[in-house]
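**Student:** Okay, handing you the structure first.
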Amino acid sequence: MKGTELLIDAETSDGIVSVRIIAEERGEPTFFELDEWDAFEHGEARVQLLEGCFYEYEVLGAYALRESPVVVPSRINPAMGRLTPNVYVGTLTIEVLRPSDNACCGEIKVEIRSRKASYRSDYRLMLEGITERCTDLLFYYNAPVTHPFTPDYLTDPQTLYQRFAFVNAVLTNREFEIAFQKIIRNPITKWTGEEIEQDVRNLRKPDWKAIAQLATRGSRIVLPSHHNLKRRMASVPARISVSSKTDSVDTPENRFVKHALEVFAGFVAHIKSIAPVRSRFYDEATLLENHLNRMLSAQLFKEVEKPLRLALNGPGLVRKEGYKQVLRVWLMFDLAARLVWRGGDDVYQAGKKDVAVLYEYWLFFELLDVVKSVFAIEPAHISDLVKPTKNGLALQLKQGRHLPVSGIFDAGSRKLNVEFSFNRSFSGQNDYPQAGSWTTGMRPDFTLSIWPAGVSQAQAETEELIVHIHFDAKYKVESVAGVFGEDETMLTAGRIQPDHHRDDLLKMHSYKDAIRRTAGAYVLYPGATGQVYKRKGFHELIPGLGAFAIRPSKTDNGRDELKRFLTDVVAHFQNRASQREKIAFRNFDIYNSRSSEEMRELLPEPFGKNRDLIPDETFVLVGYYKNDLHLAWVRKHNLYNFRTGAKSGSLSLGVAEVNARYLLLHGPGQTVSSMLFKLNNRSPRLFSRRDLLEKGYPGPTRELYLVYTTDPDVEPEFAGMRWDVTQLPGYRANRASGLPFSVSLTDLMKVLVK
């Protein structure tokens with residue numbers, strides 16, 4: 001069924017009630033109807049609506065539909081209203097209410113199908129993948145050599161469907177079907193012997209037992225005179241007992257396979273007996289039960305007896321193709337049936353089939369594998385992902401619950417702490433320099449945190465040593481352009497409309513800009529192979545934004561691109577001279593000082609050649625001229641010399657003196673000076689006494705001098721300014737007033753004479 005309107009008939013205790021549904025969208029088909037077999041096979045309702053679309057409905061007759069997050073009745077007419085599925089995907093059960101007492105008298109089932117065409121196969125592959133990873137974790141517990149015949153499964157109704165979903169994923173795995181067919185086509189057999197009575201004339205190759213019977217057994221017949229044996233014996237027995245060997249399939253391995261299928265079928269039958277009739281749960285259990293019964297009806301199992309005991313370490317089960325896969329499924333089944341996953345409620349509670357949430361959970365295990373591979377670590381406490389509870393073994397993965405796994409990576413030249421987190425929260429309540437967000441609290445789907453080994457995470461945060469890289473799962477994104485598409489034309493025209501794709505992009509920016517020490521934020525989506533987008537913040541790999549296509553697949557799921565990216569991240573962290581390292585130190589150095597200087601005087605703007613003019617980090621040398629002759633020489637040659645050596649009055653060289661930008665001169669008896677020069681080639685040169693004499697310097701007394709090249713043309717902003725030299729830090733009065741020293745431009749402007 002495709003169109004914009006449909007009529008659904010619902011069976012109620014009062015008879016048939018019809019509901020008319022009209023699609024608000026007109027540009028695309030939003031109604032679909034499956035035949036009964038397809039609906040049964042997929043465990044879905046026949047009538048299907050489209051995720052993200054909106055519909056109007058009218059209940060014909062004096063009936064109404066019960067209000068819910070999807071069903072919004074009209075306030076004017078309760079029989080009418082809107083259906084707003086939004087992001088809901090799965091079987092939606094809508095109760096029909098009787099007008100007289102507002103009681104439920106029936107229900108309508110519709111399926112909300114995902115917009116992604118591959119959502120059914122994605123759902124199956126992801127649930128199968130999660131089940132396999134969970135059972136792999138459970139294999140940390142030693143598998144027994146012998147096993148109880150019938151597992152004792154708990155029947156907690158809150159976890160029943162979740163457990164069935166895991167088991168269903170294990171038993172409908174295509175690899176399990178292939179393994180079963182291998183067993184049917186080439187089963188393990190054995191020779192079985194039995195004693196049969198045979199006519200002596202049909203004896204072909206007698207063994208020693210048959211030869212002995214020729215001489216001793218009764219009921220004999222006389223041999224004719226021409227017989228070859230007549231000279232040795234007068235008669236032979238008419239019949240003798242011989243051993244016959246036949247090929248039998250009644251082996252311990254085949255008994256195990258039959259027993260496993262019977263246990264599987266028994267579990268599903270038990271589930272079916274508990275599930276509400278006509279529910280999706282019941283239909284899926286019926287489908288799986290029929291599938292298992294078809295397997296058990298194979299001719300092979302008609303000749304196989306029940307096992308006396310289960311020996312799971314036999315060579316046939318462990319080594320032979322088909323059997324070893326069934327053995328693994330048996331162990332997975334037992335564990336999957338015991339595994340409690342509260343996070344599964346987010347995926348399929350109340351008929352949901354939330355593929356987007358399942359994608360987030362599936363990605364956790366995919367990313368965990370990538371992190372383990374790239375950083376060559378087995379994260380500490382990985383076994384804590386599954387913990388025993390009173391209801392069974394519980395998987396700790398659930399939306400909103402922070403789940404970290406960590407380890408130490410040895411990169412050769414550097415050891416790094418690596419922590420991979422699911423749903424880590426970054427609070428907006430913590431002040432700098434603690435970890436958190438500058439604004440409101442944020443919780444990315446996945447966070448990879450890296451910092452030097454030997455340092456606690458808290459210290460790494462306060463000293464700007466840690467880096468966070470965030471990833472968000474976006475199942476509904478189809479392509480890179482869906483998030484990072486260019487919309488300049490629409491933006492210029494003012495026609496940008498809010499949509500979830502643009503919100504996804506803004507969220508990445510929010511993570512990067514709001515969460516402290518974030519070096520990157522990336523979208524993960526189930527797109528086509530090779531669709532990767534990386535936008536660098538500066539000249540290096542991180543900081544940056546981007547997207548990686550990782551999709552559910554048994555072959556190439558696209559995570560190799562993410563692997564290459566994280567490998568580049570490793571190489572980046574090995575570079576101790578990176579721009580990111582410099583920026584991190586600058587941030588620490590600046591923000592670590594709580595007190596900041598204030599300076600509001602007129603200064604040159606920091607652009608062009610003055611781009612690095614930061615008053616606190618711009619230095620001024622304060623020098624002394626002895627007399628007018630000395631000052632005239634300075635102005636004529638654009639040079640100024642400082643004494644050097646161990647004697648008093650020499651200039652001590654430090655960072656400020658070597659990198660000084662300006663020179664302020666004052667003379668005898670002068671406390672206020674306006675003689676500011678710019679220093680060219682900032683670093684001083686070494687002149688000898690003879691070098692200065694050649695340039696006409698009046699009376700040099702030392703052997704060596706530090707000489708700066710000066711420029712009287714300073715920026716116009718300094719024109720007319722005068723400074724009180726005596727108020728500068730470093731100035732010494734009386735006879736020491738002529739000793740050189742350095743100050744910052746901030747200190748200089750504080751003593752400006754107005």
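Letters A, B, ... mark the chains of the structure tokens in the order given; residue numbers begin at 1 per chain; ligand numbers begin at 1, in order shown.
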Please provide the set of residues having any atom within 12 Å of Pro716 in chain A, restricted to only C-alpha atoms, with same-chain residues fewer than 6 positions apart removed, written as a ChimeraX atom specification.
**Tutor:** /A:602-605,676-678
**Student:** Deliver the residues from the most recent selection as a file, using N, CA and C atoms, as a short mmCIF file (atom, residue, chain, number, x, y, z; two decimals), in the first residue's frame.
**Tutor:**
```
data_model
loop_
_atom_site.label_atom_id
_atom_site.label_comp_id
_atom_site.auth_asym_id
_atom_site.auth_seq_id
_atom_site.Cartn_x
_atom_site.Cartn_y
_atom_site.Cartn_z
N LEU A 602 47.28 53.99 25.77
CA LEU A 602 47.38 53.91 24.32
C LEU A 602 48.66 53.19 23.91
N LEU A 603 48.52 52.17 23.04
CA LEU A 603 49.65 51.39 22.55
C LEU A 603 49.44 51.09 21.06
N PRO A 604 50.52 50.74 20.36
CA PRO A 604 50.36 50.31 18.97
C PRO A 604 49.48 49.06 18.91
N GLU A 605 48.65 48.97 17.86
CA GLU A 605 47.81 47.79 17.69
C GLU A 605 48.68 46.60 17.27
N LEU A 676 62.49 57.30 23.75
CA LEU A 676 62.21 55.89 23.49
C LEU A 676 62.69 55.53 22.08
N PHE A 677 63.47 54.49 21.99
CA PHE A 677 63.99 54.01 20.70
C PHE A 677 63.46 52.59 20.47
N LYS A 678 63.34 52.25 19.18
CA LYS A 678 63.03 50.86 18.83
C LYS A 678 64.35 50.14 18.58
#
```
**Student:** Within 12 Å of Val268 in chain A, counting only C-alpha atoms, which residues show up once you throw out same-chain ones fewer than 3 positions away? Write them as a VMD selection string, please.
**Tutor:** chain A and resid 153 160 to 161 163 to 168 171 261 to 265 271 to 275 281 to 293 333 337
**Student:** Since we have the selection now, will you write its residues out, keeping N, CA and C atoms, as a short mmCIF file (atom, residue, chain, number, x, y, z; two decimals), in the first residue's frame?
**Tutor:**
```
data_model
loop_
_atom_site.label_atom_id
_atom_site.label_comp_id
_atom_site.auth_asym_id
_atom_site.auth_seq_id
_atom_site.Cartn_x
_atom_site.Cartn_y
_atom_site.Cartn_z
N TYR A 153 17.20 -21.41 33.15
CA TYR A 153 17.10 -20.01 32.77
C TYR A 153 16.12 -19.28 33.69
N LEU A 160 13.15 -10.78 29.94
CA LEU A 160 12.86 -11.95 29.13
C LEU A 160 13.07 -11.68 27.65
N TYR A 161 12.48 -10.60 27.13
CA TYR A 161 12.61 -10.34 25.70
C TYR A 161 14.05 -10.00 25.33
N ARG A 163 16.73 -11.19 26.68
CA ARG A 163 17.48 -12.44 26.60
C ARG A 163 17.10 -13.20 25.33
N PHE A 164 15.82 -13.20 25.02
CA PHE A 164 15.39 -13.86 23.79
C PHE A 164 16.02 -13.20 22.57
N ALA A 165 16.13 -11.87 22.59
CA ALA A 165 16.73 -11.16 21.45
C ALA A 165 18.17 -11.60 21.25
N PHE A 166 18.92 -11.75 22.34
CA PHE A 166 20.30 -12.24 22.24
C PHE A 166 20.32 -13.65 21.65
N VAL A 167 19.47 -14.54 22.20
CA VAL A 167 19.44 -15.92 21.73
C VAL A 167 19.02 -15.98 20.27
N ASN A 168 18.03 -15.19 19.92
CA ASN A 168 17.56 -15.15 18.53
C ASN A 168 18.68 -14.73 17.59
N LEU A 171 21.01 -17.77 17.18
CA LEU A 171 20.48 -18.94 16.45
C LEU A 171 20.07 -18.62 15.03
N LEU A 261 20.06 -28.69 19.68
CA LEU A 261 18.88 -28.18 18.97
C LEU A 261 17.62 -28.37 19.80
N GLU A 262 17.52 -29.49 20.53
CA GLU A 262 16.35 -29.72 21.38
C GLU A 262 16.30 -28.73 22.53
N VAL A 263 17.47 -28.41 23.11
CA VAL A 263 17.50 -27.40 24.19
C VAL A 263 17.13 -26.03 23.65
N PHE A 264 17.66 -25.70 22.46
CA PHE A 264 17.30 -24.42 21.84
C PHE A 264 15.78 -24.35 21.65
N ALA A 265 15.24 -25.41 21.07
CA ALA A 265 13.80 -25.43 20.80
C ALA A 265 13.00 -25.37 22.10
N ILE A 271 9.75 -19.63 26.10
CA ILE A 271 9.57 -18.19 25.87
C ILE A 271 8.20 -17.94 25.24
N LYS A 272 7.87 -18.75 24.25
CA LYS A 272 6.60 -18.58 23.53
C LYS A 272 5.41 -18.76 24.47
N SER A 273 5.54 -19.68 25.43
CA SER A 273 4.43 -19.92 26.35
C SER A 273 4.20 -18.75 27.30
N ILE A 274 5.23 -17.95 27.50
CA ILE A 274 5.11 -16.81 28.41
C ILE A 274 4.71 -15.54 27.67
N ALA A 275 5.12 -15.42 26.40
CA ALA A 275 4.89 -14.20 25.62
C ALA A 275 3.40 -14.00 25.38
N PHE A 281 6.78 -10.27 20.23
CA PHE A 281 7.56 -11.26 20.99
C PHE A 281 7.10 -12.67 20.63
N TYR A 282 5.79 -12.90 20.68
CA TYR A 282 5.21 -14.21 20.39
C TYR A 282 5.49 -14.62 18.94
N ASP A 283 5.32 -13.69 18.01
CA ASP A 283 5.53 -14.01 16.59
C ASP A 283 6.98 -14.37 16.31
N GLU A 284 7.92 -13.63 16.90
CA GLU A 284 9.33 -13.93 16.68
C GLU A 284 9.70 -15.28 17.27
N ALA A 285 9.13 -15.60 18.45
CA ALA A 285 9.40 -16.90 19.06
C ALA A 285 8.83 -18.02 18.20
N THR A 286 7.65 -17.82 17.64
CA THR A 286 7.05 -18.83 16.77
C THR A 286 7.91 -19.07 15.54
N LEU A 287 8.39 -18.00 14.96
CA LEU A 287 9.22 -18.12 13.76
C LEU A 287 10.50 -18.90 14.06
N LEU A 288 11.14 -18.60 15.19
CA LEU A 288 12.37 -19.30 15.55
C LEU A 288 12.08 -20.76 15.92
N GLU A 289 10.97 -21.00 16.59
CA GLU A 289 10.60 -22.37 16.95
C GLU A 289 10.41 -23.22 15.69
N ASN A 290 9.72 -22.69 14.70
CA ASN A 290 9.52 -23.43 13.45
C ASN A 290 10.85 -23.72 12.76
N HIS A 291 11.75 -22.74 12.80
CA HIS A 291 13.06 -22.91 12.18
C HIS A 291 13.84 -24.04 12.86
N LEU A 292 13.81 -24.09 14.18
CA LEU A 292 14.54 -25.13 14.91
C LEU A 292 13.90 -26.51 14.70
N ASN A 293 12.57 -26.55 14.64
CA ASN A 293 11.90 -27.83 14.41
C ASN A 293 12.21 -28.39 13.03
N PHE A 333 24.90 -19.56 23.32
CA PHE A 333 23.47 -19.62 23.66
C PHE A 333 23.27 -19.65 25.17
N ALA A 337 21.53 -16.57 27.02
CA ALA A 337 20.27 -16.74 27.72
C ALA A 337 20.36 -16.30 29.18
#
```
**Student:** Determine, counting only C-alpha atoms, which protein, DNA and RNA residues have an atom within 9 Å of an atom of Phe364 in chain A; residues of the same chain fewer than 6 positions away are not included. Present the result as a list in words.
**Tutor:**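 Residues meeting the cut-off are Leu397, Ser421, Phe422, Asp445 and Phe446 of chain A.
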**Student:** Residues near Ile466 in chain A, anyone? I mean within 12 Å using only C-alpha atoms, not counting same-chain ones fewer than 6 positions away, as an MDAnalysis selection string.
**Tutor:** chainID A and resid 416:419 433:435 448:453 455:460 516:519 573 580:581 584:585 588
**Student:** List as a PyMOL selection string the protein and nucleic acid residues near Leu97 in chain A, meaning an atom at most 7 Å away when only C-alpha atoms are counted, but skip any in the same chain fewer than 2 places from it.
**Tutor:** chain A and resi 63-66+95+99+102-105
**Student:** Write a file of the just-selected residues containing C-alpha atoms, as a PDB file, in the first residue's frame.
**Tutor:**
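The result, written out as part_30.pdb:
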```pdb
ATOM      1  CA  TYR A  63     -14.410   6.181  20.049  1.00  0.00           C
ATOM      2  CA  ALA A  64     -11.012   7.696  20.845  1.00  0.00           C
ATOM      3  CA  LEU A  65      -7.353   6.662  20.959  1.00  0.00           C
ATOM      4  CA  ARG A  66      -5.376   6.693  24.201  1.00  0.00           C
ATOM      5  CA  GLU A  95      -5.362   1.452  22.565  1.00  0.00           C
ATOM      6  CA  PRO A  99     -16.481   6.676  25.118  1.00  0.00           C
ATOM      7  CA  ASN A 102     -12.972   5.711  28.725  1.00  0.00           C
ATOM      8  CA  ALA A 103     -11.879   2.082  29.112  1.00  0.00           C
ATOM      9  CA  CYS A 104      -9.757   0.173  26.625  1.00  0.00           C
ATOM     10  CA  CYS A 105     -11.887  -2.025  24.387  1.00  0.00           C
TER      11      CYS A 105
END
```
**Student:** Check the smallest atom-to-atom distance from each of A:Phe409, A:Phe365, A:Tyr359, A:Phe180 to Val477 in chain A using only C-alpha atoms, then report the winner.
**Tutor:** A:Tyr359
**Student:** Write out as an NGL selection string all residues of range 395-479 of chain A that DSSP puts in strand (DSSP E) for this structure's backbone.
**Tutor:** :A and (395 or 403-410 or 415-422 or 446-452 or 467-473)
**Student:** How about saving the chosen residues, C-alpha atoms kept, as a compact mmCIF listing (two decimals), in the first residue's frame?
**Tutor:**
```txt
# COMPACT_ATOMS: atom_id res chain seq x y z
CA LEU A 395 26.11 -6.18 30.78
CA LEU A 403 31.58 3.17 31.45
CA PRO A 404 35.36 3.65 31.10
CA VAL A 405 38.03 1.17 30.06
CA SER A 406 41.68 2.18 30.28
CA GLY A 407 45.26 1.06 29.78
CA ILE A 408 48.84 2.29 29.23
CA PHE A 409 50.24 2.55 25.71
CA ASP A 410 54.01 2.31 25.15
CA LYS A 415 54.19 6.15 27.46
CA LEU A 416 50.60 7.34 27.41
CA ASN A 417 47.51 6.71 29.51
CA VAL A 418 44.55 5.83 27.28
CA GLU A 419 40.95 5.84 28.48
CA PHE A 420 37.98 5.00 26.26
CA SER A 421 34.66 6.05 27.80
CA PHE A 422 31.03 5.43 26.97
CA PHE A 446 32.22 8.14 23.21
CA THR A 447 35.32 9.90 24.51
CA LEU A 448 38.95 8.92 23.97
CA SER A 449 41.20 10.58 26.57
CA ILE A 450 45.02 10.54 26.27
CA TRP A 451 47.60 11.92 28.70
CA PRO A 452 51.21 11.12 29.77
CA VAL A 467 43.45 15.60 25.36
CA HIS A 468 39.86 14.48 24.75
CA ILE A 469 38.61 13.27 21.36
CA HIS A 470 34.84 12.80 21.12
CA PHE A 471 32.72 10.64 18.82
CA ASP A 472 28.94 10.74 18.37
CA ALA A 473 26.85 8.01 16.75
```
**Student:** Using only C-alpha atoms, which of the listed residues (A:Pro78, A:Arg280, A:Leu663, A:Arg217) sits closest to Gly43 in chain A?
**Tutor:** A:Arg280
**Student:** With only C-alpha atoms as the atoms that count, which of A:Glu25, A:Glu58, A:Glu36, A:Glu366 lies nearest to Ile550 in chain A?
**Tutor:**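 Distance minimum relative to Ile550 in chain A lands on A:Glu366.
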**Student:** Quick check, in Å to one decimal: how far apart do CA of Val19 in chain A and CA of Ser279 in chain A lie?
**Tutor:**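 We find that CA of Val19 in chain A and CA of Ser279 in chain A lie 20.5 Å from each other.
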**Student:** Which one of A:Ser510, A:Ser479, A:Thr440, A:Asn641 sits closest to Tyr697 in chain A if you count only C-alpha atoms?
**Tutor:** A:Asn641
**Student:** May I ask which of the residues A:Val725, A:Val89, A:Leu545, A:Leu739 is the closest one to Leu506 in chain A, counting only C-alpha atoms?
**Tutor:** A:Leu545
